[in-house]
Amino acid sequence: MRTRALAGVALCAALAMAGCKKKKKDGGGGSGTGTESPSPTASASPTESASPSPSATVAAPDPALVARGQYLAMSVAGCVGCHTPMTPQGPDMAKMFAGGFEFPEKFGSWRGANITQDKKTGIGDWTDEQIAAAIREGKRPSGDRLIPLMPYLRYHSMSDDDVKAVVAFLRTVAPIENAVAGNADLKLPRPELPKPAGTAPGADPLEQGKYLANLMLCVECHTPMTPEFMPDEKKVFAGGLEWDMWPPGLGTGKVFSANITSDAKTGIGKWTEEQIVTALTTGKRPDGSMIGPPMMFFFPVWSHMKPEDLANVAKFVKTIPAVSNKVPKGDFKLGGPPPPDGAKPPG
């Protein structure tokens with residue numbers, strides 16, 4: 001859903017406030033072992049838990065598995081964005097992953113859940129299998145369905161190995177007691193999905209790129225919605241998705257997502273793969289202009305992706321079939337704190 005991308009505001013502000021710096025990566029693609037990325041807590045690292053394991057009898061997690069999970073959760077999918085509360089001064093760094101990020105929408109207000117290892121208000125009592133089911137099937141331990149603002153429609157394609165890695169990483173997140181109100185007023189369909197195939201992408205760069213782009217939720221932002229708040233299957237990746245509501249202090253006005261199909265006139269068909277990678281990691285278009293929100297808040301995140309992964313995503317984007325769809329120009333004006341990396345609002 002479209003508001004999933006807005007949580008990138010919290011995500012990248014959190015990373016910037018944490019002072020994360022780009023590091024040399026040694027992780028893999030869709031079925032590899034992961035890379036370094038910003039630590040979820042001040043005391044946690046990709047290879048060391050910041051809190052006791054859920055059970056004294058549980059063996060220590062494989063460091064490579066945890067690193068892969070952290071790479072996916074922090075540098076690809078950006079889970080911390082939706083699951084970190086926002087204050088008027090910015091994201092609450094003391095409560096990373098503790099939920100409470102709230103956003104009002106036309107169909108109700110949604111709040112990110114507490115996914116720390118707290119047993120009372122988080123997911124500390126959930127089994128590994130239950131966490132995996134929530135990620136890929138949108139199913140709670142009770143059997144209730146999650147609202148698809150949690151993008152399980154996309155994570156459904158996550159491989160068995162990768163979902164195990166994400167779960168292993170979440171087990172290292174220190175428990176934080178933070179009760180989050182439910183999302184009872186949201187009027188959205190809650191689709192039921194079959195059991196995920198769980199297969200990893202092959203070695204082909206296009207397969208790897210498609211897999212990662214799905215986890216990056218590219219189609220979520222760049223596909224307009226129907227009146228029923230479902231993706232318009234006739235305009236997949238063709239842009240035009242409208243944002244007109246923002247967290248307090250960010251700015252005012254509307255933004256429309258870009259057409260990223262291979263259409264040469266209304267899309268990015270003339271962009272090279274290298275230009276696509278530059279746009280993903282720095283926000284610079286081929287003409288030198290800067291991409292505005294919400295995408296600009298993901299650049300510090302995706303810049304931590306392995307170069308091979310970014311190259312594969314770019315290869316996949318270049319294969320997206322052309323759809324002619326001229327997207328309106330937004331009128332968003334930035335307000336509040338300056339954006340990261342010198343990015344400027346569109347206009």
# chains A, B, ... in the order shown; residues from 1 in each chain; ligands from 1
>>> closest_atom_pairs(of="range 172-278 of chain A", to="range 140-144 of chain A", cutoff="12 Å", atoms="only C-alpha atoms", output="Markdown table")
| residue | atom | partner | partner_atom | distance |
| --- | --- | --- | --- | --- |
| A:Arg190 | CA | A:Asp144 | CA | 9.4 |
| A:Pro191 | CA | A:Asp144 | CA | 11.1 |
| A:Glu192 | CA | A:Asp144 | CA | 10.0 |
>>> residues_around(residues="range 201-217 of chain A", least_positions_apart="2", cutoff="10 Å", atoms="only C-alpha atoms", output="ChimeraX atom specification")
/A:1-2,4-5,29-31,72-73,75-78,151-159,198-199,219-222,298,302,308-320
>>> write_last_selection(atoms="N, CA and C atoms", output="short mmCIF file (atom, residue, chain, number, x, y, z; two decimals), in the first residue's frame")
data_model
loop_
_atom_site.label_atom_id
_atom_site.label_comp_id
_atom_site.auth_asym_id
_atom_site.auth_seq_id
_atom_site.Cartn_x
_atom_site.Cartn_y
_atom_site.Cartn_z
N MET A 1 0.84 -1.19 0.00
CA MET A 1 0.00 0.00 0.00
C MET A 1 0.88 1.25 0.00
N ARG A 2 0.29 2.37 -0.42
CA ARG A 2 1.10 3.53 -0.66
C ARG A 2 1.75 4.09 0.59
N ARG A 4 3.02 2.61 3.00
CA ARG A 4 4.20 1.85 3.43
C ARG A 4 5.47 2.63 3.10
N ALA A 5 5.48 3.31 1.97
CA ALA A 5 6.67 4.05 1.57
C ALA A 5 6.92 5.25 2.47
N GLY A 29 23.30 -11.79 -2.79
CA GLY A 29 22.05 -11.46 -3.46
C GLY A 29 20.90 -12.18 -2.84
N GLY A 30 19.99 -12.64 -3.69
CA GLY A 30 18.75 -13.21 -3.19
C GLY A 30 18.92 -14.44 -2.33
N SER A 31 20.02 -15.17 -2.46
CA SER A 31 20.19 -16.38 -1.66
C SER A 31 21.54 -16.40 -0.96
N LEU A 72 18.68 -7.64 4.89
CA LEU A 72 17.36 -7.58 4.28
C LEU A 72 16.44 -6.60 5.02
N ALA A 73 16.46 -6.67 6.35
CA ALA A 73 15.55 -5.86 7.16
C ALA A 73 15.92 -4.39 7.20
N SER A 75 18.66 -2.80 5.05
CA SER A 75 19.21 -2.18 3.84
C SER A 75 18.41 -2.44 2.58
N VAL A 76 17.50 -3.40 2.61
CA VAL A 76 16.70 -3.72 1.43
C VAL A 76 15.23 -3.36 1.68
N ALA A 77 14.61 -4.06 2.60
CA ALA A 77 13.18 -3.85 2.86
C ALA A 77 12.89 -2.68 3.79
N GLY A 78 13.85 -2.31 4.64
CA GLY A 78 13.66 -1.15 5.50
C GLY A 78 12.58 -1.32 6.55
N PRO A 151 3.47 -5.22 4.08
CA PRO A 151 3.48 -5.66 2.67
C PRO A 151 3.76 -7.14 2.46
N TYR A 152 2.96 -7.97 3.10
CA TYR A 152 3.16 -9.41 2.93
C TYR A 152 2.82 -9.88 1.52
N LEU A 153 2.05 -9.06 0.78
CA LEU A 153 1.77 -9.42 -0.62
C LEU A 153 3.07 -9.48 -1.42
N ARG A 154 4.04 -8.67 -1.05
CA ARG A 154 5.35 -8.68 -1.72
C ARG A 154 6.30 -9.65 -1.04
N TYR A 155 6.29 -9.66 0.29
CA TYR A 155 7.20 -10.55 1.01
C TYR A 155 6.82 -12.02 0.85
N HIS A 156 5.64 -12.25 0.28
CA HIS A 156 5.21 -13.63 0.05
C HIS A 156 6.21 -14.39 -0.81
N SER A 157 6.96 -13.66 -1.65
CA SER A 157 7.94 -14.29 -2.52
C SER A 157 9.29 -14.52 -1.84
N MET A 158 9.43 -14.10 -0.60
CA MET A 158 10.70 -14.26 0.10
C MET A 158 11.04 -15.74 0.26
N SER A 159 12.27 -16.08 0.02
CA SER A 159 12.69 -17.49 0.09
C SER A 159 12.68 -18.00 1.53
N GLY A 198 8.61 -20.38 -1.29
CA GLY A 198 9.85 -20.41 -0.51
C GLY A 198 11.10 -20.65 -1.32
N THR A 199 10.99 -20.60 -2.64
CA THR A 199 12.15 -20.88 -3.47
C THR A 199 13.01 -19.63 -3.62
N VAL A 219 7.20 -1.88 -6.65
CA VAL A 219 5.88 -1.90 -7.27
C VAL A 219 4.83 -1.24 -6.38
N GLU A 220 5.05 -1.24 -5.07
CA GLU A 220 4.10 -0.63 -4.15
C GLU A 220 3.97 0.86 -4.42
N CYS A 221 5.11 1.54 -4.60
CA CYS A 221 5.10 2.99 -4.78
C CYS A 221 4.78 3.40 -6.21
N HIS A 222 5.18 2.58 -7.15
CA HIS A 222 5.10 3.00 -8.54
C HIS A 222 3.92 2.40 -9.30
N PHE A 298 14.87 6.89 1.13
CA PHE A 298 15.40 5.53 1.05
C PHE A 298 16.83 5.49 0.51
N TRP A 302 19.33 2.23 0.69
CA TRP A 302 19.74 1.43 -0.46
C TRP A 302 21.22 1.61 -0.80
N GLU A 308 26.54 -5.51 -6.53
CA GLU A 308 25.99 -6.52 -7.43
C GLU A 308 24.47 -6.59 -7.33
N ASP A 309 23.95 -6.42 -6.13
CA ASP A 309 22.50 -6.44 -5.95
C ASP A 309 21.86 -5.24 -6.64
N LEU A 310 22.45 -4.07 -6.46
CA LEU A 310 21.92 -2.87 -7.11
C LEU A 310 21.96 -3.00 -8.63
N ALA A 311 23.06 -3.55 -9.14
CA ALA A 311 23.18 -3.74 -10.59
C ALA A 311 22.10 -4.68 -11.11
N ASN A 312 21.80 -5.72 -10.35
CA ASN A 312 20.77 -6.66 -10.77
C ASN A 312 19.38 -6.03 -10.74
N VAL A 313 19.13 -5.20 -9.72
CA VAL A 313 17.84 -4.49 -9.67
C VAL A 313 17.70 -3.59 -10.90
N ALA A 314 18.77 -2.90 -11.24
CA ALA A 314 18.73 -2.01 -12.41
C ALA A 314 18.46 -2.81 -13.69
N LYS A 315 19.08 -3.97 -13.80
CA LYS A 315 18.85 -4.82 -14.98
C LYS A 315 17.38 -5.20 -15.08
N PHE A 316 16.79 -5.54 -13.93
CA PHE A 316 15.38 -5.91 -13.93
C PHE A 316 14.50 -4.72 -14.32
N VAL A 317 14.78 -3.56 -13.75
CA VAL A 317 13.97 -2.38 -14.05
C VAL A 317 13.98 -2.07 -15.54
N LYS A 318 15.12 -2.28 -16.18
CA LYS A 318 15.21 -2.02 -17.62
C LYS A 318 14.33 -2.95 -18.44
N THR A 319 13.91 -4.07 -17.86
CA THR A 319 13.08 -5.03 -18.60
C THR A 319 11.59 -4.81 -18.36
N ILE A 320 11.22 -3.88 -17.51
CA ILE A 320 9.79 -3.64 -17.23
C ILE A 320 9.11 -3.16 -18.51
#
>>> select_by_dssp(residues="range 108-225 of chain A", states="strand (DSSP E or B)", output="JSON, numbers by chain")
{"A": [108, 109, 110, 111, 139, 145, 225]}
>>> select_by_dssp(residues="range 154-226 of chain A", states="helix (DSSP H, G or I)", output="list of chain:residue names")
A:Arg154, A:Tyr155, A:Asp160, A:Asp161, A:Asp162, A:Val163, A:Lys164, A:Ala165, A:Val166, A:Val167, A:Ala168, A:Phe169, A:Leu170, A:Pro205, A:Leu206, A:Glu207, A:Gln208, A:Gly209, A:Lys210, A:Tyr211, A:Leu212, A:Ala213, A:Asn214, A:Leu215, A:Cys218, A:Val219, A:Glu220, A:Cys221
>>> write_last_selection(atoms="C-alpha atoms", output="compact mmCIF listing (two decimals), in the first residue's frame")
# COMPACT_ATOMS: atom_id res chain seq x y z
CA ARG A 154 5.35 -8.68 -1.72
CA TYR A 155 7.20 -10.55 1.01
CA ASP A 160 12.67 -19.90 3.00
CA ASP A 161 16.33 -19.16 3.68
CA ASP A 162 15.79 -15.42 3.68
CA VAL A 163 12.75 -15.44 5.94
CA LYS A 164 14.72 -17.60 8.38
CA ALA A 165 17.47 -15.01 8.23
CA VAL A 166 15.08 -12.12 8.96
CA VAL A 167 13.61 -14.04 11.88
CA ALA A 168 17.11 -14.76 13.21
CA PHE A 169 17.91 -11.06 13.04
CA LEU A 170 14.68 -10.05 14.79
CA PRO A 205 20.89 -11.50 -12.70
CA LEU A 206 17.35 -10.73 -13.84
CA GLU A 207 15.88 -13.24 -11.40
CA GLN A 208 17.99 -11.78 -8.61
CA GLY A 209 16.98 -8.24 -9.56
CA LYS A 210 13.28 -9.02 -9.70
CA TYR A 211 13.47 -10.76 -6.33
CA LEU A 212 15.21 -7.84 -4.63
CA ALA A 213 13.03 -5.19 -6.29
CA ASN A 214 10.01 -7.00 -4.89
CA LEU A 215 11.47 -6.89 -1.37
CA CYS A 218 9.24 -0.81 -5.90
CA VAL A 219 5.88 -1.90 -7.27
CA GLU A 220 4.10 -0.63 -4.15
CA CYS A 221 5.10 2.99 -4.78
>>> residues_around(residues="range 264-269 of chain A", least_positions_apart="5", cutoff="8 Å", atoms="only C-alpha atoms", output="ChimeraX atom specification")
/A:238,258-259,318,322-327
>>> write_last_selection(atoms="N, CA and C atoms", output="PDB file, in the first residue's frame")
ATOM      1  N   ALA A 238       3.828   1.978 -13.595  1.00  0.00           N
ATOM      2  CA  ALA A 238       3.635   3.135 -14.473  1.00  0.00           C
ATOM      3  C   ALA A 238       3.475   4.445 -13.715  1.00  0.00           C
ATOM      4  N   ALA A 258       6.795   8.258  -9.850  1.00  0.00           N
ATOM      5  CA  ALA A 258       7.229   8.303 -11.244  1.00  0.00           C
ATOM      6  C   ALA A 258       6.886   7.028 -12.000  1.00  0.00           C
ATOM      7  N   ASN A 259       6.780   7.168 -13.296  1.00  0.00           N
ATOM      8  CA  ASN A 259       6.635   6.032 -14.198  1.00  0.00           C
ATOM      9  C   ASN A 259       8.039   5.436 -14.387  1.00  0.00           C
ATOM     10  N   LYS A 318      15.119  -2.282 -16.178  1.00  0.00           N
ATOM     11  CA  LYS A 318      15.210  -2.019 -17.617  1.00  0.00           C
ATOM     12  C   LYS A 318      14.331  -2.951 -18.438  1.00  0.00           C
ATOM     13  N   ALA A 322       7.015  -1.328 -21.326  1.00  0.00           N
ATOM     14  CA  ALA A 322       6.642   0.082 -21.433  1.00  0.00           C
ATOM     15  C   ALA A 322       5.141   0.278 -21.250  1.00  0.00           C
ATOM     16  N   VAL A 323       4.791   1.262 -20.434  1.00  0.00           N
ATOM     17  CA  VAL A 323       3.398   1.685 -20.261  1.00  0.00           C
ATOM     18  C   VAL A 323       3.383   3.207 -20.398  1.00  0.00           C
ATOM     19  N   SER A 324       2.640   3.705 -21.351  1.00  0.00           N
ATOM     20  CA  SER A 324       2.557   5.151 -21.534  1.00  0.00           C
ATOM     21  C   SER A 324       1.631   5.734 -20.474  1.00  0.00           C
ATOM     22  N   ASN A 325       2.204   6.529 -19.585  1.00  0.00           N
ATOM     23  CA  ASN A 325       1.413   7.120 -18.504  1.00  0.00           C
ATOM     24  C   ASN A 325       2.130   8.382 -18.029  1.00  0.00           C
ATOM     25  N   LYS A 326       1.670   9.512 -18.509  1.00  0.00           N
ATOM     26  CA  LYS A 326       2.275  10.782 -18.120  1.00  0.00           C
ATOM     27  C   LYS A 326       1.811  11.147 -16.721  1.00  0.00           C
ATOM     28  N   VAL A 327       2.751  11.240 -15.815  1.00  0.00           N
ATOM     29  CA  VAL A 327       2.445  11.487 -14.411  1.00  0.00           C
ATOM     30  C   VAL A 327       2.398  12.990 -14.144  1.00  0.00           C
TER      31      VAL A 327
END
>>> residues_around(residues="Ile176 in chain A", least_positions_apart="6", cutoff="12 Å", atoms="only C-alpha atoms", output="PyMOL selection string")
chain A and resi 41+50-51+84+93-100+113-124
>>> write_last_selection(atoms="N, CA and C atoms", output="tab-separated table (two decimals), in the first residue's frame")
chain	number	residue	atom	x	y	z
A	41	THR	N	20.25	-1.54	17.49
A	41	THR	CA	20.33	-0.93	18.80
A	41	THR	C	21.76	-0.52	19.05
A	50	ALA	N	21.69	-8.38	21.47
A	50	ALA	CA	21.70	-7.37	22.50
A	50	ALA	C	20.87	-7.79	23.70
A	51	SER	N	20.26	-8.94	23.65
A	51	SER	CA	19.42	-9.40	24.74
A	51	SER	C	19.49	-10.91	24.81
A	84	THR	N	9.30	2.00	13.90
A	84	THR	CA	9.94	2.91	14.85
A	84	THR	C	9.03	4.12	15.03
A	93	MET	N	14.78	7.15	18.66
A	93	MET	CA	15.86	6.18	18.52
A	93	MET	C	15.92	5.19	19.68
A	94	ALA	N	15.35	5.57	20.81
A	94	ALA	CA	15.34	4.67	21.96
A	94	ALA	C	14.33	3.55	21.80
A	95	LYS	N	13.47	3.66	20.78
A	95	LYS	CA	12.42	2.65	20.59
A	95	LYS	C	12.44	2.08	19.17
A	96	MET	N	13.62	1.91	18.61
A	96	MET	CA	13.68	1.31	17.28
A	96	MET	C	13.07	-0.07	17.28
A	97	PHE	N	12.20	-0.33	16.32
A	97	PHE	CA	11.47	-1.58	16.16
A	97	PHE	C	10.36	-1.77	17.20
A	98	ALA	N	10.17	-0.79	18.08
A	98	ALA	CA	9.17	-0.95	19.15
A	98	ALA	C	7.78	-0.50	18.73
A	99	GLY	N	7.62	-0.12	17.48
A	99	GLY	CA	6.29	0.21	16.97
A	99	GLY	C	5.77	1.54	17.44
A	100	GLY	N	4.58	1.89	16.95
A	100	GLY	CA	3.92	3.11	17.35
A	100	GLY	C	3.97	4.20	16.30
A	113	ALA	N	3.58	-2.02	14.31
A	113	ALA	CA	3.57	-2.88	15.49
A	113	ALA	C	4.94	-2.94	16.15
A	114	ASN	N	4.94	-3.33	17.41
A	114	ASN	CA	6.16	-3.59	18.16
A	114	ASN	C	6.70	-4.96	17.74
A	115	ILE	N	7.87	-4.99	17.12
A	115	ILE	CA	8.46	-6.27	16.69
A	115	ILE	C	9.77	-6.55	17.42
A	116	THR	N	9.93	-5.93	18.60
A	116	THR	CA	11.07	-6.29	19.44
A	116	THR	C	10.76	-7.61	20.15
A	117	GLN	N	11.73	-8.11	20.90
A	117	GLN	CA	11.56	-9.38	21.59
A	117	GLN	C	10.84	-9.28	22.93
A	118	ASP	N	10.18	-8.14	23.17
A	118	ASP	CA	9.37	-8.01	24.39
A	118	ASP	C	8.21	-9.01	24.33
A	119	LYS	N	8.07	-9.79	25.39
A	119	LYS	CA	7.05	-10.83	25.39
A	119	LYS	C	5.65	-10.30	25.68
A	120	LYS	N	5.57	-9.13	26.28
A	120	LYS	CA	4.27	-8.58	26.65
A	120	LYS	C	3.67	-7.74	25.52
A	121	THR	N	4.46	-6.90	24.91
A	121	THR	CA	3.92	-5.98	23.90
A	121	THR	C	4.55	-6.18	22.52
A	122	GLY	N	5.53	-7.07	22.41
A	122	GLY	CA	6.19	-7.32	21.13
A	122	GLY	C	5.92	-8.73	20.63
A	123	ILE	N	6.93	-9.33	20.02
A	123	ILE	CA	6.76	-10.67	19.43
A	123	ILE	C	7.68	-11.68	20.10
A	124	GLY	N	8.08	-11.39	21.32
A	124	GLY	CA	8.99	-12.29	22.03
A	124	GLY	C	8.41	-13.67	22.30
>>> atom_distance(atom1="CA of Ala67 in chain A", atom2="CA of Glu177 in chain A")
24.8 Å
>>> atom_distance(atom1="CA of Gly288 in chain A", atom2="CA of Ile276 in chain A")
12.6 Å
>>> atom_distance(atom1="CA of Arg145 in chain A", atom2="CA of Ala133 in chain A")
10.3 Å
>>> closest_residue(among="A:Thr261, A:Ser303, A:Thr278, A:Asn183", to="Ser109 in chain A", atoms="only C-alpha atoms")
A:Asn183
>>> closest_residue(among="A:Pro175, A:Gly292, A:Pro148, A:Gly239", to="Gly253 in chain A", atoms="only C-alpha atoms")
A:Gly292
